[in-house]
Amino acid sequence: MKTLQFREAIAEAMSEEMRRDESIYLMGEEVAEYNGAYKASKGMLDEFGPKRVIDTPISELGFAGIGVGSAMNGNRPIIEFMTFNFALVGIDQIINNAAKMRQMSGGQFNIPIVFRGPTASAGQLAATHSQAFESWYANCPGLKVVVPSNPQDAKGLLKSAIRDDDPVIFMESEQMYGDKGEVPEGEYTIPIGVAEVKREGSDVTVVSFGKIIKEAYAAAEKLESEGISCEIIDLRTVRPLDHATILESVKKTNRLVILEEAWPFGNVATEITYQVQQKAFDYLDAPIIKLNTADTPAPYSPVLLQEWLPNSEDVVAAVKKVLYK
């Protein structure tokens with residue numbers, strides 16, 4: 001094992017795949033000359049040159065469309081959005097072209113493309129730069145949606161995403177790029193659609209993904225000191241969703257708390273809640289609790305932002321509630 005920052009794991013995954021396959025290229029704003037807005041493509045221009053690491057104008061609709069068209073012609077583009085908030089400008093290309101082209105062409109065209117970049121809040125960036133769109137993209141058939149929470153998962157999942165023959169939405173976090181973690185030395189991939197039990201427990205299941213899962217880990221440490229054992233599942237992928245891992249855990253613990261950095265209405269936690277009550281209702285000893293952001297645009301004020309986001313204390317309170325403590 002070696003220790004890498006999250007951004008280094010992303011760069012390493014892209015570089016390894018680009019060495020393996022010349023049809024892969026990276027395109028986006030500041031990915032080349034500036035080494036990436038968050039230095040997640042550092043050194044790649046020097047190694048692969050300007051034909052495979054391509055700086056674009058500020059035109060997400062344009063370069064998302066170029067990516068889809070080139071994927072139809074045999075390339076495997078990686079399209080970086082400086083933030084998925086900006087992907088809204090190019091969402092027509094993602095939803096109406098990338099996601100639907102295989103079906104609309106009767107299987108004549110597959111779209112092996114990765115759209116990647118940071119999602120959700122990243123501090124005081126206010127309402128239009130702090131949005132989590134995982135459930136939006138996961139709602140669309142034809143897309144796979146991946147949200148890793150650590151460097152090891154990020155590298156293995158990104159390599160799988162690049163090799164996938166369908167479009168993959170790969171969502172990161174500005175606040176995780178500096179996170180360090182152990183990553184295997186050799187070649188490895190992690191399959192898309194497989195969750196992982198990150199912490200074994202017996203009293204309650206806590207499901208989360210992305211950077212907000214850190215709040216679940218902090219809560220589990222506090223609760224352990226009080227004699228409460230939390231099992232933590234990192235979804236890693238929200239489409240396809242690994243129902244089996246969640247159901248197996250709930251059948252063991254009989255209680256479920258879901259932590260997600262998203263608005264409360266119609267999100268990933270909502271879907272998990274429905275699936276569990278449908279397939280494991282008789283195993284539940286308490287109503288499911290889902291923890292989300294407040295149902296408002298993200299505030300700029302640091303005091304309000306702290307209240308807007310779910311945190312470890314919210315997780316502790318939810319766990320105690322489902323345990324009737």
# chains A, B, ... in the order shown; residues from 1 in each chain; ligands from 1
$ residues_around --residues "Ile228 of chain A" --least-positions-apart "3" --cutoff "7 Å" --atoms "only C-alpha atoms" --output "count of residues only"
3
$ closest_atom_pairs --of "segment 83-154 of chain A" --to "segment 276-299 of chain A" --cutoff "8 Å" --atoms "only C-alpha atoms" --output "Markdown table"
| residue | atom | partner | partner_atom | distance |
| --- | --- | --- | --- | --- |
| A:Ser121 | CA | A:Ala298 | CA | 8.0 |
| A:Gln124 | CA | A:Pro299 | CA | 7.9 |
| A:Ala126 | CA | A:Pro299 | CA | 5.5 |
| A:Ala127 | CA | A:Ala298 | CA | 4.4 |
| A:Thr128 | CA | A:Ala298 | CA | 7.9 |
| A:Ser130 | CA | A:Ala298 | CA | 6.3 |
| A:Gln131 | CA | A:Ala298 | CA | 7.6 |
$ write_last_selection --atoms "N, CA, C and O atoms" --output "tab-separated table (two decimals), in the first residue's frame"
chain	number	residue	atom	x	y	z
A	121	SER	N	-21.75	20.69	-1.22
A	121	SER	CA	-21.20	21.91	-0.64
A	121	SER	C	-19.70	21.79	-0.42
A	121	SER	O	-19.17	20.70	-0.24
A	124	GLN	N	-18.20	27.96	2.26
A	124	GLN	CA	-19.02	29.14	1.99
A	124	GLN	C	-19.00	29.50	0.50
A	124	GLN	O	-18.41	30.48	0.09
A	126	ALA	N	-22.12	29.40	-1.16
A	126	ALA	CA	-23.49	29.89	-1.34
A	126	ALA	C	-24.34	28.97	-2.19
A	126	ALA	O	-23.95	27.88	-2.58
A	127	ALA	N	-25.56	29.45	-2.48
A	127	ALA	CA	-26.64	28.58	-2.94
A	127	ALA	C	-26.39	27.93	-4.30
A	127	ALA	O	-26.72	26.76	-4.50
A	128	THR	N	-25.81	28.65	-5.24
A	128	THR	CA	-25.70	28.11	-6.60
A	128	THR	C	-24.45	27.26	-6.81
A	128	THR	O	-24.26	26.70	-7.89
A	130	SER	N	-23.39	24.95	-4.22
A	130	SER	CA	-23.35	24.03	-3.08
A	130	SER	C	-24.41	22.93	-3.20
A	130	SER	O	-24.91	22.45	-2.21
A	131	GLN	N	-24.70	22.52	-4.42
A	131	GLN	CA	-25.83	21.62	-4.65
A	131	GLN	C	-25.37	20.19	-4.91
A	131	GLN	O	-24.38	19.97	-5.60
$ residues_around --residues "Lys100 of chain A" --least-positions-apart "3" --cutoff "10 Å" --atoms "only C-alpha atoms" --output "PyMOL selection string"
chain A and resi 93-97+103-105+109-111+140-143+167
$ write_last_selection --atoms "C-alpha atoms" --output "PDB file, in the first residue's frame"
ATOM      1  CA  GLN A  93     -26.191  16.587 -23.476  1.00  0.00           C
ATOM      2  CA  ILE A  94     -25.929  14.277 -20.457  1.00  0.00           C
ATOM      3  CA  ILE A  95     -29.622  13.395 -20.078  1.00  0.00           C
ATOM      4  CA  ASN A  96     -30.949  13.635 -23.643  1.00  0.00           C
ATOM      5  CA  ASN A  97     -27.936  12.346 -25.539  1.00  0.00           C
ATOM      6  CA  GLN A 103     -31.555   2.884 -26.811  1.00  0.00           C
ATOM      7  CA  MET A 104     -32.466   5.492 -29.412  1.00  0.00           C
ATOM      8  CA  SER A 105     -29.949   4.043 -31.891  1.00  0.00           C
ATOM      9  CA  PHE A 109     -24.006   3.463 -30.512  1.00  0.00           C
ATOM     10  CA  ASN A 110     -22.752   3.005 -26.990  1.00  0.00           C
ATOM     11  CA  ILE A 111     -21.427   6.013 -25.100  1.00  0.00           C
ATOM     12  CA  CYS A 140     -32.204   8.895 -15.300  1.00  0.00           C
ATOM     13  CA  PRO A 141     -32.050   5.417 -16.924  1.00  0.00           C
ATOM     14  CA  GLY A 142     -28.868   4.967 -18.931  1.00  0.00           C
ATOM     15  CA  LEU A 143     -26.540   6.643 -16.441  1.00  0.00           C
ATOM     16  CA  PRO A 167     -21.948   6.871 -19.464  1.00  0.00           C
TER      17      PRO A 167
END
$ select_by_dssp --residues "segment 118-299 of chain A" --states "alpha helix (DSSP H)" --output "PyMOL selection string"
chain A and resi 134-138+151-163+213-224+243-253+268-279
$ closest_residue --among "A:Val114, A:Leu241, A:Ala138, A:Leu4" --to "Ile162 of chain A" --atoms "only C-alpha atoms"
A:Val114
$ residues_around --residues "Phe6 of chain A" --least-positions-apart "2" --cutoff "9 Å" --atoms "only C-alpha atoms" --output "short mmCIF file (atom, residue, chain, number, x, y, z; two decimals) with N, CA and C atoms, in the first residue's frame"
data_model
loop_
_atom_site.label_atom_id
_atom_site.label_comp_id
_atom_site.auth_asym_id
_atom_site.auth_seq_id
_atom_site.Cartn_x
_atom_site.Cartn_y
_atom_site.Cartn_z
N LEU A 4 -1.82 8.20 -0.71
CA LEU A 4 -2.08 9.22 -1.73
C LEU A 4 -3.16 10.17 -1.24
N GLU A 8 -4.59 12.89 -5.99
CA GLU A 8 -3.54 12.08 -6.60
C GLU A 8 -4.08 10.74 -7.07
N ALA A 9 -5.02 10.19 -6.31
CA ALA A 9 -5.65 8.93 -6.71
C ALA A 9 -6.44 9.11 -8.00
N ILE A 10 -7.13 10.24 -8.13
CA ILE A 10 -7.88 10.53 -9.35
C ILE A 10 -6.93 10.67 -10.54
N ALA A 11 -5.86 11.44 -10.36
CA ALA A 11 -4.89 11.64 -11.44
C ALA A 11 -4.22 10.33 -11.84
N ALA A 40 -6.20 17.91 -9.83
CA ALA A 40 -6.52 16.49 -10.00
C ALA A 40 -6.03 15.94 -11.33
N SER A 149 -15.74 7.99 -1.42
CA SER A 149 -15.52 8.78 -0.20
C SER A 149 -14.07 8.75 0.28
N ASN A 150 -13.17 8.07 -0.43
CA ASN A 150 -11.78 7.97 0.01
C ASN A 150 -10.89 7.66 -1.19
N PRO A 151 -9.58 7.87 -1.08
CA PRO A 151 -8.69 7.70 -2.23
C PRO A 151 -8.69 6.30 -2.83
N GLN A 152 -8.70 5.25 -2.01
CA GLN A 152 -8.66 3.89 -2.54
C GLN A 152 -9.89 3.61 -3.40
N ALA A 154 -11.83 5.83 -4.77
CA ALA A 154 -11.85 6.76 -5.90
C ALA A 154 -11.04 6.21 -7.07
N LYS A 155 -9.84 5.73 -6.79
CA LYS A 155 -9.01 5.22 -7.89
C LYS A 155 -9.62 3.97 -8.52
N MET A 176 -12.61 16.96 -0.26
CA MET A 176 -11.91 15.68 -0.08
C MET A 176 -10.62 15.59 -0.88
N TYR A 177 -10.35 16.53 -1.77
CA TYR A 177 -9.19 16.39 -2.65
C TYR A 177 -7.88 16.28 -1.88
N GLY A 178 -7.81 16.91 -0.71
CA GLY A 178 -6.60 16.83 0.10
C GLY A 178 -6.58 15.67 1.08
N ASP A 179 -7.68 14.91 1.17
CA ASP A 179 -7.72 13.76 2.08
C ASP A 179 -6.69 12.72 1.68
N LYS A 180 -6.03 12.13 2.65
CA LYS A 180 -5.03 11.09 2.39
C LYS A 180 -5.55 9.73 2.81
N GLY A 181 -5.12 8.70 2.08
CA GLY A 181 -5.53 7.35 2.42
C GLY A 181 -4.63 6.34 1.73
#
$ residues_around --residues "segment 85-91 of chain A" --least-positions-apart "6" --cutoff "12 Å" --atoms "only C-alpha atoms" --output "PDB file with N, CA and C atoms, in the first residue's frame"
ATOM      1  N   GLY A  28     -11.739  19.599 -20.322  1.00  0.00           N
ATOM      2  CA  GLY A  28     -12.475  20.426 -19.377  1.00  0.00           C
ATOM      3  C   GLY A  28     -11.779  21.747 -19.151  1.00  0.00           C
ATOM      4  N   GLU A  29     -12.342  22.551 -18.286  1.00  0.00           N
ATOM      5  CA  GLU A  29     -11.792  23.870 -17.996  1.00  0.00           C
ATOM      6  C   GLU A  29     -10.576  23.751 -17.081  1.00  0.00           C
ATOM      7  N   ILE A  58     -15.144  28.299 -21.327  1.00  0.00           N
ATOM      8  CA  ILE A  58     -16.182  28.126 -20.302  1.00  0.00           C
ATOM      9  C   ILE A  58     -17.498  27.880 -21.034  1.00  0.00           C
ATOM     10  N   SER A  59     -17.691  26.623 -21.454  1.00  0.00           N
ATOM     11  CA  SER A  59     -18.855  26.263 -22.264  1.00  0.00           C
ATOM     12  C   SER A  59     -19.185  24.796 -22.037  1.00  0.00           C
ATOM     13  N   GLU A  60     -19.809  24.507 -20.880  1.00  0.00           N
ATOM     14  CA  GLU A  60     -20.089  23.114 -20.516  1.00  0.00           C
ATOM     15  C   GLU A  60     -20.984  22.418 -21.536  1.00  0.00           C
ATOM     16  N   LEU A  61     -21.976  23.118 -22.048  1.00  0.00           N
ATOM     17  CA  LEU A  61     -22.843  22.525 -23.061  1.00  0.00           C
ATOM     18  C   LEU A  61     -22.028  22.106 -24.278  1.00  0.00           C
ATOM     19  N   GLY A  62     -21.071  22.954 -24.659  1.00  0.00           N
ATOM     20  CA  GLY A  62     -20.263  22.663 -25.843  1.00  0.00           C
ATOM     21  C   GLY A  62     -19.352  21.474 -25.655  1.00  0.00           C
ATOM     22  N   PHE A  63     -18.549  21.470 -24.574  1.00  0.00           N
ATOM     23  CA  PHE A  63     -17.589  20.373 -24.472  1.00  0.00           C
ATOM     24  C   PHE A  63     -18.229  19.074 -23.986  1.00  0.00           C
ATOM     25  N   ALA A  64     -19.377  19.147 -23.313  1.00  0.00           N
ATOM     26  CA  ALA A  64     -20.114  17.917 -23.014  1.00  0.00           C
ATOM     27  C   ALA A  64     -20.613  17.292 -24.314  1.00  0.00           C
ATOM     28  N   GLY A  65     -21.115  18.119 -25.220  1.00  0.00           N
ATOM     29  CA  GLY A  65     -21.579  17.622 -26.515  1.00  0.00           C
ATOM     30  C   GLY A  65     -20.457  17.059 -27.363  1.00  0.00           C
ATOM     31  N   ILE A  66     -19.305  17.722 -27.356  1.00  0.00           N
ATOM     32  CA  ILE A  66     -18.146  17.197 -28.083  1.00  0.00           C
ATOM     33  C   ILE A  66     -17.779  15.819 -27.541  1.00  0.00           C
ATOM     34  N   GLY A  67     -17.817  15.682 -26.215  1.00  0.00           N
ATOM     35  CA  GLY A  67     -17.502  14.399 -25.611  1.00  0.00           C
ATOM     36  C   GLY A  67     -18.451  13.304 -26.049  1.00  0.00           C
ATOM     37  N   VAL A  68     -19.747  13.588 -26.049  1.00  0.00           N
ATOM     38  CA  VAL A  68     -20.735  12.586 -26.466  1.00  0.00           C
ATOM     39  C   VAL A  68     -20.507  12.203 -27.919  1.00  0.00           C
ATOM     40  N   ILE A  79     -14.799  13.826 -19.239  1.00  0.00           N
ATOM     41  CA  ILE A  79     -15.192  15.229 -19.256  1.00  0.00           C
ATOM     42  C   ILE A  79     -15.229  15.739 -17.819  1.00  0.00           C
ATOM     43  N   ASN A  97     -28.792  12.984 -24.537  1.00  0.00           N
ATOM     44  CA  ASN A  97     -27.936  12.346 -25.539  1.00  0.00           C
ATOM     45  C   ASN A  97     -27.129  11.184 -24.960  1.00  0.00           C
ATOM     46  N   ALA A  98     -26.264  11.476 -23.983  1.00  0.00           N
ATOM     47  CA  ALA A  98     -25.414  10.404 -23.445  1.00  0.00           C
ATOM     48  C   ALA A  98     -26.242   9.252 -22.886  1.00  0.00           C
ATOM     49  N   ALA A  99     -27.250   9.570 -22.076  1.00  0.00           N
ATOM     50  CA  ALA A  99     -28.014   8.525 -21.384  1.00  0.00           C
ATOM     51  C   ALA A  99     -28.919   7.734 -22.312  1.00  0.00           C
ATOM     52  N   PHE A 115     -18.317  11.625 -16.987  1.00  0.00           N
ATOM     53  CA  PHE A 115     -18.445  13.019 -16.578  1.00  0.00           C
ATOM     54  C   PHE A 115     -18.045  13.075 -15.109  1.00  0.00           C
ATOM     55  N   ARG A 116     -16.991  13.821 -14.784  1.00  0.00           N
ATOM     56  CA  ARG A 116     -16.523  13.832 -13.395  1.00  0.00           C
ATOM     57  C   ARG A 116     -16.249  15.259 -12.925  1.00  0.00           C
ATOM     58  N   GLY A 117     -16.252  15.409 -11.577  1.00  0.00           N
ATOM     59  CA  GLY A 117     -15.995  16.691 -10.950  1.00  0.00           C
ATOM     60  C   GLY A 117     -16.633  16.707  -9.574  1.00  0.00           C
ATOM     61  N   PRO A 118     -16.462  17.805  -8.826  1.00  0.00           N
ATOM     62  CA  PRO A 118     -16.963  17.866  -7.447  1.00  0.00           C
ATOM     63  C   PRO A 118     -18.452  18.155  -7.356  1.00  0.00           C
ATOM     64  N   THR A 119     -19.059  17.616  -6.310  1.00  0.00           N
ATOM     65  CA  THR A 119     -20.485  17.783  -6.048  1.00  0.00           C
ATOM     66  C   THR A 119     -20.694  18.317  -4.641  1.00  0.00           C
ATOM     67  N   ALA A 120     -21.900  18.795  -4.364  1.00  0.00           N
ATOM     68  CA  ALA A 120     -22.364  19.206  -3.038  1.00  0.00           C
ATOM     69  C   ALA A 120     -21.598  20.420  -2.510  1.00  0.00           C
ATOM     70  N   SER A 121     -21.751  20.686  -1.221  1.00  0.00           N
ATOM     71  CA  SER A 121     -21.202  21.912  -0.641  1.00  0.00           C
ATOM     72  C   SER A 121     -19.697  21.786  -0.419  1.00  0.00           C
ATOM     73  N   ALA A 122     -19.044  22.947  -0.433  1.00  0.00           N
ATOM     74  CA  ALA A 122     -17.602  22.964  -0.191  1.00  0.00           C
ATOM     75  C   ALA A 122     -17.226  24.179   0.633  1.00  0.00           C
ATOM     76  N   LEU A 125     -19.693  28.701  -0.304  1.00  0.00           N
ATOM     77  CA  LEU A 125     -19.796  28.974  -1.737  1.00  0.00           C
ATOM     78  C   LEU A 125     -21.217  29.335  -2.143  1.00  0.00           C
ATOM     79  N   ALA A 126     -22.118  29.398  -1.156  1.00  0.00           N
ATOM     80  CA  ALA A 126     -23.485  29.891  -1.336  1.00  0.00           C
ATOM     81  C   ALA A 126     -24.344  28.968  -2.194  1.00  0.00           C
ATOM     82  N   ALA A 127     -25.558  29.449  -2.480  1.00  0.00           N
ATOM     83  CA  ALA A 127     -26.643  28.578  -2.942  1.00  0.00           C
ATOM     84  C   ALA A 127     -26.391  27.927  -4.301  1.00  0.00           C
ATOM     85  N   THR A 128     -25.814  28.653  -5.243  1.00  0.00           N
ATOM     86  CA  THR A 128     -25.698  28.108  -6.600  1.00  0.00           C
ATOM     87  C   THR A 128     -24.446  27.262  -6.810  1.00  0.00           C
ATOM     88  N   HIS A 129     -23.587  27.181  -5.790  1.00  0.00           N
ATOM     89  CA  HIS A 129     -22.361  26.391  -5.909  1.00  0.00           C
ATOM     90  C   HIS A 129     -22.265  25.312  -4.825  1.00  0.00           C
ATOM     91  N   SER A 130     -23.390  24.954  -4.224  1.00  0.00           N
ATOM     92  CA  SER A 130     -23.350  24.031  -3.082  1.00  0.00           C
ATOM     93  C   SER A 130     -24.405  22.931  -3.197  1.00  0.00           C
ATOM     94  N   GLN A 131     -24.700  22.517  -4.418  1.00  0.00           N
ATOM     95  CA  GLN A 131     -25.830  21.622  -4.651  1.00  0.00           C
ATOM     96  C   GLN A 131     -25.371  20.188  -4.914  1.00  0.00           C
ATOM     97  N   ALA A 132     -26.138  19.243  -4.395  1.00  0.00           N
ATOM     98  CA  ALA A 132     -25.849  17.823  -4.598  1.00  0.00           C
ATOM     99  C   ALA A 132     -26.850  17.255  -5.597  1.00  0.00           C
ATOM    100  N   PHE A 133     -26.345  16.772  -6.725  1.00  0.00           N
ATOM    101  CA  PHE A 133     -27.227  16.319  -7.804  1.00  0.00           C
ATOM    102  C   PHE A 133     -27.173  14.808  -8.033  1.00  0.00           C
ATOM    103  N   GLU A 134     -26.672  14.062  -7.054  1.00  0.00           N
ATOM    104  CA  GLU A 134     -26.574  12.608  -7.234  1.00  0.00           C
ATOM    105  C   GLU A 134     -27.930  11.991  -7.565  1.00  0.00           C
ATOM    106  N   TRP A 136     -30.542  13.419  -8.829  1.00  0.00           N
ATOM    107  CA  TRP A 136     -31.036  13.883 -10.133  1.00  0.00           C
ATOM    108  C   TRP A 136     -30.533  12.954 -11.235  1.00  0.00           C
ATOM    109  N   TYR A 137     -29.230  12.740 -11.274  1.00  0.00           N
ATOM    110  CA  TYR A 137     -28.659  11.907 -12.332  1.00  0.00           C
ATOM    111  C   TYR A 137     -29.028  10.436 -12.145  1.00  0.00           C
ATOM    112  N   CYS A 140     -32.153   9.027 -13.840  1.00  0.00           N
ATOM    113  CA  CYS A 140     -32.204   8.895 -15.300  1.00  0.00           C
ATOM    114  C   CYS A 140     -31.682   7.537 -15.763  1.00  0.00           C
ATOM    115  N   ILE A 169     -21.508   9.022 -14.336  1.00  0.00           N
ATOM    116  CA  ILE A 169     -21.377  10.286 -13.609  1.00  0.00           C
ATOM    117  C   ILE A 169     -20.519   9.993 -12.389  1.00  0.00           C
ATOM    118  N   MET A 171     -18.758  11.559  -9.176  1.00  0.00           N
ATOM    119  CA  MET A 171     -18.900  12.769  -8.372  1.00  0.00           C
ATOM    120  C   MET A 171     -17.952  12.756  -7.178  1.00  0.00           C
ATOM    121  N   SER A 173     -15.566  15.591  -4.348  1.00  0.00           N
ATOM    122  CA  SER A 173     -15.830  16.704  -3.432  1.00  0.00           C
ATOM    123  C   SER A 173     -14.598  17.586  -3.330  1.00  0.00           C
TER     124      SER A 173
END
$ residues_around --residues "Glu200 of chain A" --least-positions-apart "6" --cutoff "8 Å" --atoms "only C-alpha atoms" --output "ChimeraX atom specification"
/A:230-232
$ residues_around --residues "Gly186 of chain A" --least-positions-apart "3" --cutoff "12 Å" --atoms "only C-alpha atoms" --output "count of residues only"
10
$ select_by_dssp --residues "segment 44-131 of chain A" --states "strand (DSSP E or B)" --output "VMD selection string"
chain A and resid 53 to 55 76 to 80 114 to 118
$ write_last_selection --atoms "N, CA and C atoms" --output "PDB file, in the first residue's frame"
ATOM      1  N   VAL A  53      -5.046  15.976 -23.364  1.00  0.00           N
ATOM      2  CA  VAL A  53      -5.429  16.725 -22.160  1.00  0.00           C
ATOM      3  C   VAL A  53      -5.766  18.127 -22.649  1.00  0.00           C
ATOM      4  N   ILE A  54      -7.068  18.421 -22.736  1.00  0.00           N
ATOM      5  CA  ILE A  54      -7.544  19.537 -23.549  1.00  0.00           C
ATOM      6  C   ILE A  54      -8.255  20.582 -22.692  1.00  0.00           C
ATOM      7  N   ASP A  55      -7.707  21.795 -22.684  1.00  0.00           N
ATOM      8  CA  ASP A  55      -8.381  22.920 -22.045  1.00  0.00           C
ATOM      9  C   ASP A  55      -9.523  23.407 -22.944  1.00  0.00           C
ATOM     10  N   ARG A  76     -13.075   7.378 -25.804  1.00  0.00           N
ATOM     11  CA  ARG A  76     -13.542   7.175 -24.433  1.00  0.00           C
ATOM     12  C   ARG A  76     -13.190   8.424 -23.624  1.00  0.00           C
ATOM     13  N   PRO A  77     -13.947   9.496 -23.803  1.00  0.00           N
ATOM     14  CA  PRO A  77     -13.600  10.770 -23.164  1.00  0.00           C
ATOM     15  C   PRO A  77     -13.891  10.789 -21.663  1.00  0.00           C
ATOM     16  N   ILE A  78     -13.071  11.562 -20.952  1.00  0.00           N
ATOM     17  CA  ILE A  78     -13.324  11.938 -19.558  1.00  0.00           C
ATOM     18  C   ILE A  78     -13.598  13.438 -19.586  1.00  0.00           C
ATOM     19  N   ILE A  79     -14.799  13.826 -19.239  1.00  0.00           N
ATOM     20  CA  ILE A  79     -15.192  15.229 -19.256  1.00  0.00           C
ATOM     21  C   ILE A  79     -15.229  15.739 -17.819  1.00  0.00           C
ATOM     22  N   GLU A  80     -14.382  16.711 -17.517  1.00  0.00           N
ATOM     23  CA  GLU A  80     -14.342  17.265 -16.164  1.00  0.00           C
ATOM     24  C   GLU A  80     -15.141  18.549 -16.088  1.00  0.00           C
ATOM     25  N   VAL A 114     -17.103   9.375 -19.278  1.00  0.00           N
ATOM     26  CA  VAL A 114     -17.155   9.689 -17.851  1.00  0.00           C
ATOM     27  C   VAL A 114     -17.289  11.192 -17.696  1.00  0.00           C
ATOM     28  N   PHE A 115     -18.317  11.625 -16.987  1.00  0.00           N
ATOM     29  CA  PHE A 115     -18.445  13.019 -16.578  1.00  0.00           C
ATOM     30  C   PHE A 115     -18.045  13.075 -15.109  1.00  0.00           C
ATOM     31  N   ARG A 116     -16.991  13.821 -14.784  1.00  0.00           N
ATOM     32  CA  ARG A 116     -16.523  13.832 -13.395  1.00  0.00           C
ATOM     33  C   ARG A 116     -16.249  15.259 -12.925  1.00  0.00           C
ATOM     34  N   GLY A 117     -16.252  15.409 -11.577  1.00  0.00           N
ATOM     35  CA  GLY A 117     -15.995  16.691 -10.950  1.00  0.00           C
ATOM     36  C   GLY A 117     -16.633  16.707  -9.574  1.00  0.00           C
ATOM     37  N   PRO A 118     -16.462  17.805  -8.826  1.00  0.00           N
ATOM     38  CA  PRO A 118     -16.963  17.866  -7.447  1.00  0.00           C
ATOM     39  C   PRO A 118     -18.452  18.155  -7.356  1.00  0.00           C
TER      40      PRO A 118
END
$ closest_atom_pairs --of "segment 152-223 of chain A" --to "segment 308-324 of chain A" --cutoff "12 Å" --atoms "only C-alpha atoms" --output "tab-separated table"
residue	atom	partner	partner_atom	distance
A:Ser202	CA	A:Leu323	CA	11.8
A:Asp203	CA	A:Leu323	CA	8.0
A:Val204	CA	A:Val319	CA	7.0
A:Thr205	CA	A:Val319	CA	8.8
A:Val206	CA	A:Val319	CA	8.4
A:Val207	CA	A:Val315	CA	10.8
A:Ser208	CA	A:Val315	CA	10.9
A:Lys211	CA	A:Asn311	CA	11.4
A:Ile212	CA	A:Asn311	CA	8.0
A:Ile213	CA	A:Ser312	CA	9.3
A:Lys214	CA	A:Ser312	CA	8.2
A:Glu215	CA	A:Ser312	CA	4.5
A:Ala216	CA	A:Ser312	CA	6.0
A:Tyr217	CA	A:Ser312	CA	8.0
A:Ala218	CA	A:Ser312	CA	6.0
A:Ala219	CA	A:Ser312	CA	4.8
A:Ala220	CA	A:Val316	CA	7.7
A:Glu221	CA	A:Ser312	CA	9.9
A:Lys222	CA	A:Val316	CA	7.9
A:Leu223	CA	A:Val316	CA	6.8
$ write_last_selection --atoms "N, CA and C atoms" --output "tab-separated table (two decimals), in the first residue's frame"
chain	number	residue	atom	x	y	z
A	202	SER	N	-23.69	-4.07	15.32
A	202	SER	CA	-24.80	-4.97	15.63
A	202	SER	C	-26.10	-4.27	16.02
A	203	ASP	N	-26.05	-2.99	16.39
A	203	ASP	CA	-27.23	-2.34	16.94
A	203	ASP	C	-28.04	-1.54	15.91
A	204	VAL	N	-27.37	-0.94	14.96
A	204	VAL	CA	-28.05	-0.09	13.99
A	204	VAL	C	-27.22	-0.02	12.71
A	205	THR	N	-27.89	0.05	11.56
A	205	THR	CA	-27.22	0.25	10.28
A	205	THR	C	-27.27	1.73	9.92
A	206	VAL	N	-26.12	2.29	9.56
A	206	VAL	CA	-26.05	3.67	9.07
A	206	VAL	C	-25.54	3.61	7.63
A	207	VAL	N	-26.34	4.10	6.69
A	207	VAL	CA	-25.97	4.10	5.28
A	207	VAL	C	-25.65	5.53	4.85
A	208	SER	N	-24.54	5.70	4.13
A	208	SER	CA	-24.16	7.02	3.65
A	208	SER	C	-23.25	6.87	2.44
A	211	LYS	N	-18.57	12.61	0.96
A	211	LYS	CA	-17.83	13.20	2.07
A	211	LYS	C	-18.61	13.24	3.37
A	212	ILE	N	-19.95	13.27	3.29
A	212	ILE	CA	-20.76	13.37	4.51
A	212	ILE	C	-20.64	12.11	5.37
A	213	ILE	N	-20.14	11.01	4.80
A	213	ILE	CA	-20.00	9.77	5.57
A	213	ILE	C	-19.04	9.96	6.74
A	214	LYS	N	-18.16	10.95	6.66
A	214	LYS	CA	-17.25	11.23	7.77
A	214	LYS	C	-18.02	11.55	9.06
A	215	GLU	N	-19.18	12.17	8.90
A	215	GLU	CA	-20.01	12.47	10.07
A	215	GLU	C	-20.55	11.18	10.70
A	216	ALA	N	-20.81	10.18	9.87
A	216	ALA	CA	-21.25	8.89	10.39
A	216	ALA	C	-20.14	8.21	11.17
A	217	TYR	N	-18.91	8.28	10.65
A	217	TYR	CA	-17.77	7.68	11.36
A	217	TYR	C	-17.57	8.35	12.72
A	218	ALA	N	-17.66	9.68	12.74
A	218	ALA	CA	-17.49	10.41	14.00
A	218	ALA	C	-18.58	10.04	15.00
A	219	ALA	N	-19.80	9.91	14.52
A	219	ALA	CA	-20.91	9.52	15.40
A	219	ALA	C	-20.71	8.12	15.93
A	220	ALA	N	-20.25	7.20	15.08
A	220	ALA	CA	-20.05	5.82	15.50
A	220	ALA	C	-19.00	5.71	16.60
A	221	GLU	N	-17.96	6.53	16.51
A	221	GLU	CA	-16.93	6.54	17.56
A	221	GLU	C	-17.52	7.00	18.89
A	222	LYS	N	-18.31	8.06	18.84
A	222	LYS	CA	-18.93	8.57	20.07
A	222	LYS	C	-19.90	7.54	20.65
A	223	LEU	N	-20.70	6.95	19.79
A	223	LEU	CA	-21.70	5.99	20.26
A	223	LEU	C	-21.06	4.72	20.82
$ closest_residue --among "A:Ile233, A:Ile113, A:Ala262, A:Met82" --to "Ser135 of chain A" --atoms "only C-alpha atoms"
A:Ala262
$ atom_distance --atom1 "atom CA of Phe170 of chain A" --atom2 "atom CA of Glu271 of chain A"
19.8 Å
